[in-house]
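To keep things clear, I will list the structure first and then write my remarks on it.
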Amino acid sequence: MQSRSLLRGTRSIVLLFVAIISCATWLAVRRRASTPELGALANRASAEAKADDASLIVLAASGRVEGRSDTINIGPGTDGVISRVLVREGERVNQGQVLALISCDDLRAAEAEAEANIASRTQERIRLLRGSRLEERRDAAAQTELALARANQSETQYRRIKSLFESGVVSKEIFDNAETEFALSRAAYKSAVERERLINASPLPEDIARLDAEIQSAQGGAKAVKERIEKCSLKAPSRGTVLRIYRLAGESVSTVFPQPVIAFADDSKLRIRAEVDERDIALLHLGQKALIRVDAFPDKTFAGRVSSIGLLMGRKRVLSGNSTDKADRDVLDTLVDLEKNDDRLVVGLRVTVRFLAN
């Protein structure tokens with residue numbers, strides 16, 4: 001009797017356990033049928049799995065969206081205070097367009113001084129090459145003629161008194177005075193001739209060389225100031241989009257402790273930088289098709305092709321946020337060009353790249 005009671009109790013427990021499992025299964029099926037979203041997700045996952053199998057995916061890798069070039073952090077080229085930020089985030093700009101200005105009033109004054117120094121030395125050289133003014137030349141010629149006339153007059157007077165002195169008509173003192181006057185007039189004439197020649201002479205080569213060197217030095221100083229002023233303007237290196245503005249007008253910037261002012265990228269053509277594990281690089285080749293998936297758009301697949309395979313292994317930088325994700329593995333950067341740009345893909349967005357076997 002005791003064994004029969006024990007058998008009946010065991011059967012009751014088994015039947016109860018089966019009933020509980022059946023009930024739980026029935027509830028799960030009802031819940032799935034009454035929840036369209038879960039059913040749709042399950043159907044979509046199944047469809048994706050079939051699509052993946054049909055596409056012959058050989059490997060998957062994490063990556064990020066980037067523009068035609070890497071994201072460029074544009075920083076200051078000189079110390080100062082930002083006076084103006086001329087663009088907004090999301091604005092498309094052209095190559096060479098000024099994005100922000102740094103106050104450089106002291107350099108503007110130095111530039112004006114340098115330009116004035118160049119102008120002064122240049123005018124001095126022009127005057128040196130031109131020589132004396134016409135009025136100075138005419139005055140020198142007139143002084144020479146006057147000195148010549150006085151010398152001729154003194155010579156005539158000297159000869160007359162000499163004749164009288166030899167005849168005993170005038171004294172020795174008068175003769176000496178006439179001779180002295182004649183010598184002085186000749187010396188004055190020679191001085192006037194030398195002065196006129198000097199005024200009409202061409203400039204010395206060494207004077208021209210000295211002024212040329214001074215002009216060149218002034219131009220070099222002005223160029224250095226201009227280059228420093230150019231650094232006060234932050235310009236776009238190419239066509240692209242302003243991604244982020246880190247510093248605003250009134251904030252100080254420094255080259256000693258550099259910080260980016262603007263983040264910029266050429267997003268005219270988007271691409272994906274995928275990090276392929278070192279164990280899978282043999283499965284890559286140029287022109288290989290790839291499918292890009294984004295967690296934010298689970299129902300959308302973006303197509304692309306491998307355009308470049310890196311030549312240097314590096315550490316993993318695109319992390320999934322999963323604590324089990326290993327960051328110490330060596331990976332190879334692989335660029336995948338998107339077949340078509342999509343505004344939903346923003347620079348820096350984390351994606352998954354699935355490389356196909358074709």
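Chain identifiers are assigned as A, B, and so on, following the order in which chains appear in the structure tokens; residues are numbered from 1 within each chain, and ligands are numbered from 1 in order of appearance.
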Nearby residues (only C-alpha atoms) at most 12 Å from segment 247-252 of chain A, same-chain spacing under 4 positions excluded, as a PyMOL selection string: chain A and resi 73-76+78-89+99-103+256-263
Of the listed residues A:Leu335, A:Val351, A:Ile118, A:Ala222, that which approaches Lys289 of chain A most closely, counting only C-alpha atoms: A:Leu335
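When only C-alpha atoms are used to compute distances to Lys223 of chain A, the closest of the residues A:Leu107, A:Val242, A:Leu56, A:Ala183 turns out to be A:Leu107.
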Selection near Arg195 of chain A, 10 Å with only C-alpha atoms, sequence-local residues under 5 positions removed, as a PyMOL selection string: chain A and resi 137+140-141+143-144+189-190+200-201
For those residues, write C-alpha atoms to a file as a compact mmCIF listing (two decimals), in the first residue's frame.
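File produced: out.txt:
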# COMPACT_ATOMS: atom_id res chain seq x y z
CA ARG A 137 72.81 120.69 -61.36
CA ALA A 140 76.60 123.81 -59.82
CA ALA A 141 77.07 124.71 -63.50
CA GLN A 143 78.99 128.33 -59.89
CA THR A 144 81.55 126.73 -62.19
CA TYR A 189 87.49 127.22 -60.20
CA LYS A 190 88.90 123.71 -59.73
CA ASN A 200 76.38 114.93 -61.98
CA ALA A 201 78.13 111.64 -61.10
Contact residues around segment 150-163 of chain A with only C-alpha atoms at 6 Å, ignoring same-chain residues under 2 positions, as an MDAnalysis selection string: chainID A and resid 147:148 165:166 175 178:179 182 185:186
